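Coordinates from protein.cif are shown below (mmCIF, C-alpha atoms).
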```cif
data_target
#
loop_
_atom_site.label_atom_id
_atom_site.label_comp_id
_atom_site.auth_asym_id
_atom_site.auth_seq_id
_atom_site.Cartn_x
_atom_site.Cartn_y
_atom_site.Cartn_z
CA MET A 1 -23.43 0.81 17.34
CA SER A 2 -23.26 4.00 19.41
CA ALA A 3 -25.76 6.75 18.52
CA THR A 4 -23.12 9.48 18.96
CA PRO A 5 -19.57 8.91 17.68
CA TRP A 6 -16.77 8.82 20.25
CA GLN A 7 -14.29 11.70 19.95
CA ALA A 8 -11.55 10.66 22.36
CA ALA A 9 -8.11 12.19 22.89
CA LEU A 10 -5.22 11.46 25.23
CA SER A 11 -2.09 13.56 25.73
CA LEU A 12 0.87 12.19 27.71
CA GLY A 13 4.26 13.65 28.65
CA PHE A 14 7.19 11.75 30.18
CA THR A 15 10.14 13.27 32.04
CA GLN A 16 13.24 11.58 33.45
CA ARG A 17 13.54 12.25 37.18
CA THR A 18 16.19 10.01 38.66
CA PRO A 19 15.83 7.15 39.39
CA ARG A 20 12.85 6.73 37.04
CA THR A 21 10.71 8.23 34.26
CA VAL A 22 7.57 9.93 35.53
CA LEU A 23 4.29 10.73 33.83
CA SER A 24 4.66 14.51 34.05
CA HIS A 25 1.68 15.42 31.89
CA ARG A 26 -1.68 13.72 31.40
CA GLN A 27 -4.81 15.08 29.79
CA HIS A 28 -7.73 13.18 28.31
CA ASN A 29 -11.04 13.83 26.66
CA GLY A 30 -13.67 11.15 26.18
CA PRO A 31 -13.23 7.41 26.82
CA LEU A 32 -9.44 7.21 26.41
CA LEU A 33 -7.26 7.28 29.51
CA VAL A 34 -4.47 5.72 31.54
CA GLN A 35 -3.97 4.74 35.15
CA ARG A 36 -0.76 5.07 37.15
CA PRO A 37 2.51 3.88 35.58
CA PHE A 38 4.12 0.60 36.61
CA TYR A 39 7.86 0.24 37.23
CA PRO A 40 8.87 -3.42 36.81
CA GLU A 41 12.37 -2.57 35.54
CA SER A 42 15.43 -1.46 37.49
CA ASP A 43 16.19 1.40 35.10
CA GLY A 44 12.88 3.10 35.90
CA THR A 45 11.17 2.64 32.53
CA ALA A 46 7.51 3.62 32.88
CA HIS A 47 5.05 0.95 31.72
CA LEU A 48 1.64 2.40 30.91
CA TYR A 49 -1.60 0.81 29.70
CA ILE A 50 -3.83 2.72 27.29
CA LEU A 51 -7.45 2.12 28.31
CA HIS A 52 -10.45 2.49 26.01
CA PRO A 53 -13.48 1.28 28.00
CA PRO A 54 -15.82 0.82 24.98
CA ALA A 55 -13.24 -1.71 23.65
CA GLY A 56 -14.23 -1.13 20.04
CA ILE A 57 -14.72 1.68 17.54
CA VAL A 58 -17.19 2.22 14.71
CA GLY A 59 -17.62 4.62 11.81
CA GLY A 60 -17.43 8.23 12.99
CA ASP A 61 -15.34 7.42 16.08
CA GLU A 62 -11.89 8.98 16.42
CA LEU A 63 -9.17 8.05 18.90
CA ARG A 64 -6.15 10.33 19.08
CA ILE A 65 -3.07 9.76 21.26
CA GLU A 66 -0.24 12.27 21.58
CA VAL A 67 2.96 11.33 23.42
CA GLN A 68 6.02 13.41 24.26
CA LEU A 69 9.18 11.95 25.76
CA HIS A 70 11.65 14.50 27.09
CA GLU A 71 15.39 13.88 27.06
CA GLN A 72 16.45 10.49 28.52
CA ALA A 73 12.87 9.50 29.37
CA ARG A 74 11.91 5.85 28.83
CA ALA A 75 8.32 4.70 28.38
CA LEU A 76 6.57 1.54 27.20
CA LEU A 77 2.93 1.83 26.15
CA THR A 78 0.61 -1.07 25.45
CA THR A 79 -3.08 -1.94 25.45
CA PRO A 80 -4.88 -4.55 27.58
CA ALA A 81 -6.84 -6.10 24.71
CA ALA A 82 -7.41 -6.06 20.97
CA THR A 83 -9.01 -3.04 19.34
CA LYS A 84 -12.13 -4.06 17.41
CA ILE A 85 -13.35 -2.07 14.43
CA TYR A 86 -17.05 -2.67 13.87
CA ALA A 87 -18.88 -2.54 10.55
CA HIS A 88 -20.38 0.67 9.22
CA PRO A 89 -21.88 1.17 5.75
CA THR A 90 -20.50 4.68 5.10
CA HIS A 91 -18.43 6.29 7.86
CA TYR A 92 -14.79 5.72 8.80
CA ALA A 93 -13.33 5.13 12.24
CA GLN A 94 -9.96 6.80 12.84
CA GLN A 95 -7.01 6.02 15.10
CA VAL A 96 -4.02 8.35 15.36
CA LEU A 97 -0.80 8.05 17.37
CA GLN A 98 1.63 10.97 17.28
CA ALA A 99 4.85 10.87 19.33
CA GLU A 100 7.86 13.14 19.85
CA VAL A 101 10.96 11.32 21.15
CA SER A 102 13.76 13.57 22.39
CA ASN A 103 17.50 12.92 22.46
CA HIS A 104 18.43 9.69 24.33
CA ALA A 105 14.75 8.98 25.04
CA VAL A 106 13.26 5.54 24.36
CA PHE A 107 9.66 5.03 23.26
CA GLU A 108 8.25 1.50 22.98
CA TRP A 109 4.80 1.25 21.37
CA LEU A 110 3.61 -2.36 21.72
CA PRO A 111 -0.20 -2.51 21.40
CA GLN A 112 -2.35 -5.58 21.06
CA GLU A 113 -3.78 -6.33 17.62
CA THR A 114 -6.47 -4.47 15.71
CA ILE A 115 -9.32 -6.58 14.30
CA ALA A 116 -11.19 -5.15 11.32
CA PHE A 117 -14.63 -6.77 11.21
CA ASN A 118 -16.10 -7.47 7.80
CA GLY A 119 -17.76 -4.29 6.56
CA SER A 120 -15.69 -1.98 8.74
CA ARG A 121 -14.03 1.18 7.50
CA CYS A 122 -10.95 2.50 9.25
CA ARG A 123 -8.04 4.89 8.85
CA ASN A 124 -5.02 4.37 11.08
CA LYS A 125 -2.01 6.65 11.36
CA VAL A 126 1.23 6.43 13.34
CA HIS A 127 3.60 9.41 13.22
CA ILE A 128 6.90 9.31 15.14
CA ASP A 129 9.38 12.23 15.39
CA LEU A 130 12.83 11.22 16.66
CA GLN A 131 15.49 13.68 17.76
CA ASP A 132 19.23 12.90 17.63
CA GLN A 133 19.81 9.68 19.63
CA GLY A 134 16.15 9.01 20.34
CA LEU A 135 15.05 5.37 19.91
CA PHE A 136 11.69 3.98 18.80
CA ILE A 137 10.62 0.33 19.02
CA GLY A 138 7.12 -0.57 17.91
CA TRP A 139 4.83 -3.03 16.23
CA ASP A 140 1.46 -3.02 14.53
CA THR A 141 -0.65 -6.14 13.99
CA MET A 142 -3.80 -6.20 11.89
CA CYS A 143 -6.33 -8.99 11.39
CA LEU A 144 -8.78 -8.63 8.50
CA GLY A 145 -12.07 -10.27 9.43
CA ARG A 146 -12.46 -12.88 12.15
CA PRO A 147 -10.85 -16.15 11.03
CA ALA A 148 -12.03 -17.98 14.17
CA ILE A 149 -15.61 -17.80 12.88
CA ALA A 150 -14.64 -18.07 9.19
CA GLU A 151 -15.38 -14.39 8.56
CA SER A 152 -13.36 -12.88 5.70
CA PHE A 153 -12.91 -9.22 4.80
CA SER A 154 -15.25 -9.17 1.80
CA MET A 155 -16.57 -5.63 2.39
CA GLY A 156 -15.12 -2.47 3.84
CA GLU A 157 -11.85 -0.56 3.67
CA LEU A 158 -8.68 -0.28 5.73
CA CYS A 159 -6.06 2.43 5.22
CA GLN A 160 -2.88 2.64 7.27
CA ARG A 161 -0.08 5.20 7.34
CA PHE A 162 3.21 4.87 9.22
CA GLN A 163 5.57 7.84 9.26
CA LEU A 164 9.02 8.02 10.86
CA PHE A 165 10.98 11.27 10.98
CA HIS A 166 14.49 11.90 12.32
CA ASN A 167 15.50 15.47 13.11
CA GLY A 168 12.69 16.69 10.91
CA GLN A 169 13.59 14.54 7.90
CA PRO A 170 11.44 11.60 6.71
CA ILE A 171 13.29 8.28 7.04
CA TRP A 172 10.46 5.77 6.50
CA LEU A 173 7.02 6.50 5.07
CA GLU A 174 4.47 3.81 4.32
CA ARG A 175 0.85 3.82 3.22
CA VAL A 176 -1.34 0.81 2.48
CA CYS A 177 -5.02 0.65 1.65
CA TYR A 178 -7.10 -2.51 1.28
CA GLN A 179 -10.63 -2.78 -0.07
CA GLY A 180 -12.83 -5.70 0.89
CA ASP A 181 -12.46 -8.68 -1.46
CA GLU A 182 -10.01 -6.91 -3.79
CA PRO A 183 -7.29 -8.94 -5.58
CA ALA A 184 -4.58 -7.58 -3.26
CA LEU A 185 -6.06 -9.67 -0.45
CA ARG A 186 -5.71 -12.90 -2.42
CA GLU A 187 -2.90 -12.65 -4.97
CA VAL A 188 0.71 -13.73 -4.46
CA TRP A 189 1.84 -10.10 -4.83
CA GLY A 190 -0.49 -9.11 -1.96
CA LEU A 191 -1.63 -10.79 1.24
CA GLN A 192 -1.94 -14.22 -0.43
CA GLY A 193 -5.22 -14.94 1.33
CA HIS A 194 -3.73 -14.54 4.82
CA PRO A 195 -5.86 -12.55 7.29
CA VAL A 196 -3.00 -11.38 9.55
CA PHE A 197 -0.25 -8.97 8.59
CA SER A 198 2.08 -7.30 11.04
CA THR A 199 5.09 -4.98 11.13
CA PHE A 200 7.89 -4.60 13.66
CA VAL A 201 9.90 -1.35 13.44
CA CYS A 202 12.98 -0.07 15.24
CA ALA A 203 14.76 3.26 14.66
CA MET A 204 17.43 4.58 14.83
CA VAL A 205 19.65 1.45 14.87
CA GLU A 206 22.75 0.01 13.23
CA GLN A 207 22.53 -2.32 10.25
CA GLY A 208 24.22 -5.14 12.16
CA LEU A 209 21.06 -5.59 14.20
CA VAL A 210 19.35 -7.19 11.19
CA SER A 211 21.39 -10.41 11.33
CA ALA A 212 20.75 -10.78 15.07
CA VAL A 213 16.99 -10.40 14.60
CA ARG A 214 16.96 -12.83 11.69
CA GLU A 215 18.81 -15.39 13.76
CA ALA A 216 16.36 -14.99 16.65
CA LEU A 217 13.34 -15.45 14.39
CA GLY A 218 14.79 -18.46 12.57
CA GLU A 219 13.45 -19.90 9.31
CA VAL A 220 9.67 -19.58 9.41
CA ASN A 221 8.70 -19.14 5.77
CA SER A 222 6.11 -21.66 4.55
CA ALA A 223 2.73 -21.82 2.84
CA GLN A 224 1.09 -20.80 6.14
CA GLU A 225 3.31 -17.87 7.05
CA SER A 226 6.26 -15.76 5.94
CA VAL A 227 8.66 -13.35 7.64
CA ALA A 228 11.15 -10.84 6.24
CA VAL A 229 13.64 -8.52 7.97
CA THR A 230 15.37 -5.58 6.33
CA TRP A 231 17.16 -2.30 7.13
CA LEU A 232 17.18 1.09 5.43
CA ASP A 233 18.93 4.25 6.60
CA GLY A 234 18.74 3.44 10.31
CA VAL A 235 15.34 1.76 10.30
CA LEU A 236 14.91 -1.97 10.91
CA VAL A 237 11.63 -3.29 9.49
CA ALA A 238 10.32 -6.85 9.95
CA ARG A 239 7.15 -8.18 8.33
CA TYR A 240 4.86 -11.06 9.20
CA LEU A 241 2.16 -12.50 6.97
CA GLY A 242 0.16 -15.47 8.20
CA GLU A 243 -2.86 -16.98 9.88
CA LYS A 244 -2.55 -16.18 13.59
CA VAL A 245 -2.19 -13.01 15.62
CA SER A 246 -0.59 -15.02 18.43
CA ARG A 247 2.16 -16.17 16.07
CA ALA A 248 3.00 -12.60 15.04
CA HIS A 249 3.22 -11.54 18.67
CA GLN A 250 5.40 -14.53 19.51
CA LEU A 251 7.88 -13.62 16.76
CA TRP A 252 7.93 -9.93 17.60
CA GLN A 253 8.58 -10.61 21.27
CA GLN A 254 11.63 -12.61 20.17
CA ALA A 255 12.77 -9.70 17.99
CA TRP A 256 12.02 -7.22 20.77
CA ALA A 257 14.21 -9.17 23.19
CA VAL A 258 17.15 -8.97 20.76
CA VAL A 259 16.68 -5.25 20.11
CA ARG A 260 16.47 -4.47 23.81
CA GLN A 261 19.59 -6.45 24.62
CA GLN A 262 21.69 -4.95 21.84
CA CYS A 263 20.41 -1.37 21.90
CA LEU A 264 19.58 -0.90 25.58
CA ASN A 265 21.72 -3.60 27.23
CA LYS A 266 18.78 -5.04 29.13
CA ALA A 267 16.40 -7.97 28.85
CA ALA A 268 12.84 -7.79 27.62
CA CYS A 269 10.32 -7.19 30.39
CA ALA A 270 6.83 -8.12 29.25
CA PRO A 271 4.01 -5.97 30.68
CA ARG A 272 2.04 -7.94 33.25
CA ILE A 273 -1.21 -7.23 31.41
CA TRP A 274 -0.08 -9.53 28.57
CA ALA A 275 -0.35 -12.52 30.90
CA THR A 276 -3.97 -11.86 31.92
#
```
For the file at hand, write its structure as structure tokens.
Amino acid sequence: MSATPWQAALSLGFTQRTPRTVLSHRQHNGPLLVQRPFYPESDGTAHLYILHPPAGIVGGDELRIEVQLHEQARALLTTPAATKIYAHPTHYAQQVLQAEVSNHAVFEWLPQETIAFNGSRCRNKVHIDLQDQGLFIGWDTMCLGRPAIAESFSMGELCQRFQLFHNGQPIWLERVCYQGDEPALREVWGLQGHPVFSTFVCAMVEQGLVSAVREALGEVNSAQESVAVTWLDGVLVARYLGEKVSRAHQLWQQAWAVVRQQCLNKAACAPRIWAT
């Protein structure tokens, strides 16, 4: 546990300059930064890796990321590894992502999972502002405890907020909060004893995309895992509940491929860091 909490902030701006999107603004404070963008796609989409050298956060730490995509800019942001939230008896760790996506811009937020250690306390927030024909594709995967070593989430607290706005109006707002060892972690109306829950979100999209995503995911509901896909007022939301982070990522990459093909007319291009 660090003696002094990390207060880290990263501000990024993306601008379309034919033939590609450039990182036109970059400012950081503390141990949160990026290196140069990669351009593995022919349309010039900027792939960028968010780096947090300490690799984990603990009570009192705060990580804040602000992203702005100007008109027609295209950017994909990911992380090289899981974010670990370490135990703390009293203080909360905080993670905040705030993004503004201009008209005809495309923002893809595809981080690796977050692992909440037993006894950890964390507040996560994602806030996305879309303008006109802006498009957002993102996912969020959480693992409560460390199943690989039979560690459950018997102590601690996790609160998550996800907010989507379109032209200043809220279109999807969600807030969940789990306490260690509470009934919601075990009961059939909650997480049903599964340690991994994950959400895939895409906005703004047509309702017809739902059937294509469902077909790509196939029938996966069982005692070990369940998946649901729905649509509401331009927002596609898919849920995963199960045992393995790798399974959630496998399913969401299938969904991501469909969304990219139908909305952007291009194939999925996995960041190279995912293969390391």
Distance query stretch 36-46 of chain A at most 9 Å, only C-alpha atoms, self and fewer than 6 positions along chain excluded, as a PDB file with C-alpha atoms, keeping the file's coordinate frame:
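Dumped everything to part.pdb:
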```
ATOM      1  CA  PHE A  14       7.190  11.750  30.180  1.00  0.00           C
ATOM      2  CA  GLN A  16      13.240  11.580  33.450  1.00  0.00           C
ATOM      3  CA  THR A  18      16.190  10.010  38.660  1.00  0.00           C
ATOM      4  CA  PRO A  19      15.830   7.150  39.390  1.00  0.00           C
ATOM      5  CA  ARG A  20      12.850   6.730  37.040  1.00  0.00           C
ATOM      6  CA  THR A  21      10.710   8.230  34.260  1.00  0.00           C
ATOM      7  CA  VAL A  22       7.570   9.930  35.530  1.00  0.00           C
ATOM      8  CA  LEU A  23       4.290  10.730  33.830  1.00  0.00           C
ATOM      9  CA  ALA A  73      12.870   9.500  29.370  1.00  0.00           C
ATOM     10  CA  ARG A  74      11.910   5.850  28.830  1.00  0.00           C
ATOM     11  CA  ALA A  75       8.320   4.700  28.380  1.00  0.00           C
ATOM     12  CA  LEU A  76       6.570   1.540  27.200  1.00  0.00           C
ATOM     13  CA  LEU A  77       2.930   1.830  26.150  1.00  0.00           C
ATOM     14  CA  VAL A 106      13.260   5.540  24.360  1.00  0.00           C
ATOM     15  CA  CYS A 269      10.320  -7.190  30.390  1.00  0.00           C
ATOM     16  CA  PRO A 271       4.010  -5.970  30.680  1.00  0.00           C
ATOM     17  CA  ARG A 272       2.040  -7.940  33.250  1.00  0.00           C
TER      18      ARG A 272
END
```
Checklist entry - Could you pull the residues within 9 Å of A:Arg239, counting all atoms listed in the file, minus those fewer than 4 positions along the same chain, as a list of chain:residue names? => result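 Using all atoms listed in the file, the neighbours found are A:Phe197, A:Ser198, A:Thr199, A:Phe200, A:Val201, A:Ser226, A:Val227, A:Ala228, A:Val229, A:Thr230.
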Can I get the selection written as a PDB file, in the frame of the given file, with C-alpha atoms?
```
ATOM      1  CA  PHE A 197      -0.250  -8.970   8.590  1.00  0.00           C
ATOM      2  CA  SER A 198       2.080  -7.300  11.040  1.00  0.00           C
ATOM      3  CA  THR A 199       5.090  -4.980  11.130  1.00  0.00           C
ATOM      4  CA  PHE A 200       7.890  -4.600  13.660  1.00  0.00           C
ATOM      5  CA  VAL A 201       9.900  -1.350  13.440  1.00  0.00           C
ATOM      6  CA  SER A 226       6.260 -15.760   5.940  1.00  0.00           C
ATOM      7  CA  VAL A 227       8.660 -13.350   7.640  1.00  0.00           C
ATOM      8  CA  ALA A 228      11.150 -10.840   6.240  1.00  0.00           C
ATOM      9  CA  VAL A 229      13.640  -8.520   7.970  1.00  0.00           C
ATOM     10  CA  THR A 230      15.370  -5.580   6.330  1.00  0.00           C
TER      11      THR A 230
END
```
Item to check | Expansion of the PyMOL selection byres ((chain A and resi 166) around 6) into residues, as a PyMOL selection string | outcome: chain A and resi 129-131+165+167-169
Writing out the chosen residues with C-alpha atoms as a JSON list (two decimals), in the coordinates of the input:
```
[["chain", "number", "residue", "atom", "x", "y", "z"],
["A", 129, "ASP", "CA", 9.38, 12.23, 15.39],
["A", 130, "LEU", "CA", 12.83, 11.22, 16.66],
["A", 131, "GLN", "CA", 15.49, 13.68, 17.76],
["A", 165, "PHE", "CA", 10.98, 11.27, 10.98],
["A", 167, "ASN", "CA", 15.50, 15.47, 13.11],
["A", 168, "GLY", "CA", 12.69, 16.69, 10.91],
["A", 169, "GLN", "CA", 13.59, 14.54, 7.90]]
```
Checklist entry - With all atoms listed in the file as the basis for distance, which of A:Leu144, A:Ala105, A:Cys263, A:Val58 is at the shortest distance from A:His194? => result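 Ranking A:Leu144, A:Ala105, A:Cys263, A:Val58 by distance to A:His194, first place goes to A:Leu144.
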Checklist entry - Smallest atom-to-atom distance to A:Thr276: which of A:Val67, A:Ala216, A:Ala81, A:Ala238, using all atoms listed in the file? => result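 Ranked by minimum distance to A:Thr276, first place goes to A:Ala81.
Atom CA of A:Ser211 is found 24.2 Å from atom CA of A:Gln163.
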Resolved residues for the PyMOL selection byres ((chain A and resi 133-142) around 8) as a PDB file with C-alpha atoms, keeping the file's coordinate frame:
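Writing done, so here's part-v1.pdb:
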```
ATOM      1  CA  VAL A 101      10.960  11.320  21.150  1.00  0.00           C
ATOM      2  CA  SER A 102      13.760  13.570  22.390  1.00  0.00           C
ATOM      3  CA  ASN A 103      17.500  12.920  22.460  1.00  0.00           C
ATOM      4  CA  HIS A 104      18.430   9.690  24.330  1.00  0.00           C
ATOM      5  CA  ALA A 105      14.750   8.980  25.040  1.00  0.00           C
ATOM      6  CA  VAL A 106      13.260   5.540  24.360  1.00  0.00           C
ATOM      7  CA  PHE A 107       9.660   5.030  23.260  1.00  0.00           C
ATOM      8  CA  GLU A 108       8.250   1.500  22.980  1.00  0.00           C
ATOM      9  CA  TRP A 109       4.800   1.250  21.370  1.00  0.00           C
ATOM     10  CA  LEU A 110       3.610  -2.360  21.720  1.00  0.00           C
ATOM     11  CA  PRO A 111      -0.200  -2.510  21.400  1.00  0.00           C
ATOM     12  CA  GLN A 112      -2.350  -5.580  21.060  1.00  0.00           C
ATOM     13  CA  GLU A 113      -3.780  -6.330  17.620  1.00  0.00           C
ATOM     14  CA  THR A 114      -6.470  -4.470  15.710  1.00  0.00           C
ATOM     15  CA  ILE A 115      -9.320  -6.580  14.300  1.00  0.00           C
ATOM     16  CA  ALA A 116     -11.190  -5.150  11.320  1.00  0.00           C
ATOM     17  CA  LEU A 130      12.830  11.220  16.660  1.00  0.00           C
ATOM     18  CA  GLN A 131      15.490  13.680  17.760  1.00  0.00           C
ATOM     19  CA  ASP A 132      19.230  12.900  17.630  1.00  0.00           C
ATOM     20  CA  CYS A 143      -6.330  -8.990  11.390  1.00  0.00           C
ATOM     21  CA  LEU A 144      -8.780  -8.630   8.500  1.00  0.00           C
ATOM     22  CA  VAL A 196      -3.000 -11.380   9.550  1.00  0.00           C
ATOM     23  CA  PHE A 197      -0.250  -8.970   8.590  1.00  0.00           C
ATOM     24  CA  SER A 198       2.080  -7.300  11.040  1.00  0.00           C
ATOM     25  CA  THR A 199       5.090  -4.980  11.130  1.00  0.00           C
ATOM     26  CA  PHE A 200       7.890  -4.600  13.660  1.00  0.00           C
ATOM     27  CA  VAL A 201       9.900  -1.350  13.440  1.00  0.00           C
ATOM     28  CA  CYS A 202      12.980  -0.070  15.240  1.00  0.00           C
ATOM     29  CA  ALA A 203      14.760   3.260  14.660  1.00  0.00           C
ATOM     30  CA  MET A 204      17.430   4.580  14.830  1.00  0.00           C
ATOM     31  CA  VAL A 205      19.650   1.450  14.870  1.00  0.00           C
ATOM     32  CA  VAL A 245      -2.190 -13.010  15.620  1.00  0.00           C
ATOM     33  CA  ALA A 248       3.000 -12.600  15.040  1.00  0.00           C
ATOM     34  CA  TRP A 252       7.930  -9.930  17.600  1.00  0.00           C
ATOM     35  CA  TRP A 256      12.020  -7.220  20.770  1.00  0.00           C
TER      36      TRP A 256
END
```
Final N, CA and C atoms of stretch 150-177 of chain A as an mmCIF file, keeping the file's coordinate frame:
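Dumped to selection35.cif:
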```cif
data_model
loop_
_atom_site.group_PDB
_atom_site.id
_atom_site.type_symbol
_atom_site.label_atom_id
_atom_site.label_comp_id
_atom_site.auth_asym_id
_atom_site.auth_seq_id
_atom_site.Cartn_x
_atom_site.Cartn_y
_atom_site.Cartn_z
ATOM 1 N N ALA A 150 -14.644 -17.977 10.656
ATOM 2 C CA ALA A 150 -14.640 -18.070 9.190
ATOM 3 C C ALA A 150 -15.174 -16.812 8.517
ATOM 4 N N GLU A 151 -14.953 -15.657 9.140
ATOM 5 C CA GLU A 151 -15.380 -14.390 8.560
ATOM 6 C C GLU A 151 -14.213 -13.773 7.799
ATOM 7 N N SER A 152 -14.384 -13.527 6.508
ATOM 8 C CA SER A 152 -13.360 -12.880 5.700
ATOM 9 C C SER A 152 -13.656 -11.376 5.611
ATOM 10 N N PHE A 153 -12.745 -10.671 4.982
ATOM 11 C CA PHE A 153 -12.910 -9.220 4.800
ATOM 12 C C PHE A 153 -13.400 -8.986 3.364
ATOM 13 N N SER A 154 -14.679 -9.262 3.138
ATOM 14 C CA SER A 154 -15.250 -9.170 1.800
ATOM 15 C C SER A 154 -15.842 -7.793 1.507
ATOM 16 N N MET A 155 -16.047 -6.987 2.552
ATOM 17 C CA MET A 155 -16.570 -5.630 2.390
ATOM 18 C C MET A 155 -15.831 -4.711 3.345
ATOM 19 N N GLY A 156 -15.743 -3.442 2.968
ATOM 20 C CA GLY A 156 -15.120 -2.470 3.840
ATOM 21 C C GLY A 156 -13.819 -1.926 3.276
ATOM 22 N N GLU A 157 -13.114 -1.172 4.102
ATOM 23 C CA GLU A 157 -11.850 -0.560 3.670
ATOM 24 C C GLU A 157 -10.965 -0.299 4.868
ATOM 25 N N LEU A 158 -9.673 -0.556 4.695
ATOM 26 C CA LEU A 158 -8.680 -0.280 5.730
ATOM 27 C C LEU A 158 -7.525 0.481 5.106
ATOM 28 N N CYS A 159 -7.211 1.644 5.665
ATOM 29 C CA CYS A 159 -6.060 2.430 5.220
ATOM 30 C C CYS A 159 -5.142 2.685 6.403
ATOM 31 N N GLN A 160 -3.855 2.452 6.198
ATOM 32 C CA GLN A 160 -2.880 2.640 7.270
ATOM 33 C C GLN A 160 -1.708 3.478 6.767
ATOM 34 N N ARG A 161 -1.254 4.382 7.639
ATOM 35 C CA ARG A 161 -0.080 5.200 7.340
ATOM 36 C C ARG A 161 0.880 5.109 8.520
ATOM 37 N N PHE A 162 2.166 4.908 8.195
ATOM 38 C CA PHE A 162 3.210 4.870 9.220
ATOM 39 C C PHE A 162 4.313 5.820 8.781
ATOM 40 N N GLN A 163 4.607 6.808 9.616
ATOM 41 C CA GLN A 163 5.570 7.840 9.260
ATOM 42 C C GLN A 163 6.626 7.970 10.346
ATOM 43 N N LEU A 164 7.893 7.852 9.946
ATOM 44 C CA LEU A 164 9.020 8.020 10.860
ATOM 45 C C LEU A 164 9.872 9.186 10.377
ATOM 46 N N PHE A 165 10.129 10.128 11.283
ATOM 47 C CA PHE A 165 10.980 11.270 10.980
ATOM 48 C C PHE A 165 12.155 11.296 11.953
ATOM 49 N N HIS A 166 13.317 11.737 11.458
ATOM 50 C CA HIS A 166 14.490 11.900 12.320
ATOM 51 C C HIS A 166 15.063 13.294 12.110
ATOM 52 N N ASN A 167 15.058 14.079 13.174
ATOM 53 C CA ASN A 167 15.500 15.470 13.110
ATOM 54 C C ASN A 167 14.794 16.220 11.976
ATOM 55 N N GLY A 168 13.499 15.968 11.868
ATOM 56 C CA GLY A 168 12.690 16.690 10.910
ATOM 57 C C GLY A 168 12.694 16.140 9.499
ATOM 58 N N GLN A 169 13.502 15.106 9.233
ATOM 59 C CA GLN A 169 13.590 14.540 7.900
ATOM 60 C C GLN A 169 12.895 13.178 7.855
ATOM 61 N N PRO A 170 12.101 12.903 6.813
ATOM 62 C CA PRO A 170 11.440 11.600 6.710
ATOM 63 C C PRO A 170 12.465 10.500 6.458
ATOM 64 N N ILE A 171 12.381 9.408 7.227
ATOM 65 C CA ILE A 171 13.290 8.280 7.040
ATOM 66 C C ILE A 171 12.545 7.009 6.650
ATOM 67 N N TRP A 172 11.261 6.932 6.934
ATOM 68 C CA TRP A 172 10.460 5.770 6.500
ATOM 69 C C TRP A 172 8.996 6.183 6.456
ATOM 70 N N LEU A 173 8.421 6.136 5.267
ATOM 71 C CA LEU A 173 7.020 6.500 5.070
ATOM 72 C C LEU A 173 6.320 5.337 4.378
ATOM 73 N N GLU A 174 5.192 4.931 4.923
ATOM 74 C CA GLU A 174 4.470 3.810 4.320
ATOM 75 C C GLU A 174 2.973 4.087 4.352
ATOM 76 N N ARG A 175 2.306 3.709 3.272
ATOM 77 C CA ARG A 175 0.850 3.820 3.220
ATOM 78 C C ARG A 175 0.304 2.603 2.493
ATOM 79 N N VAL A 176 -0.664 1.938 3.116
ATOM 80 C CA VAL A 176 -1.340 0.810 2.480
ATOM 81 C C VAL A 176 -2.848 1.021 2.601
ATOM 82 N N CYS A 177 -3.571 0.535 1.617
ATOM 83 C CA CYS A 177 -5.020 0.650 1.650
ATOM 84 C C CYS A 177 -5.614 -0.602 1.014
#
```
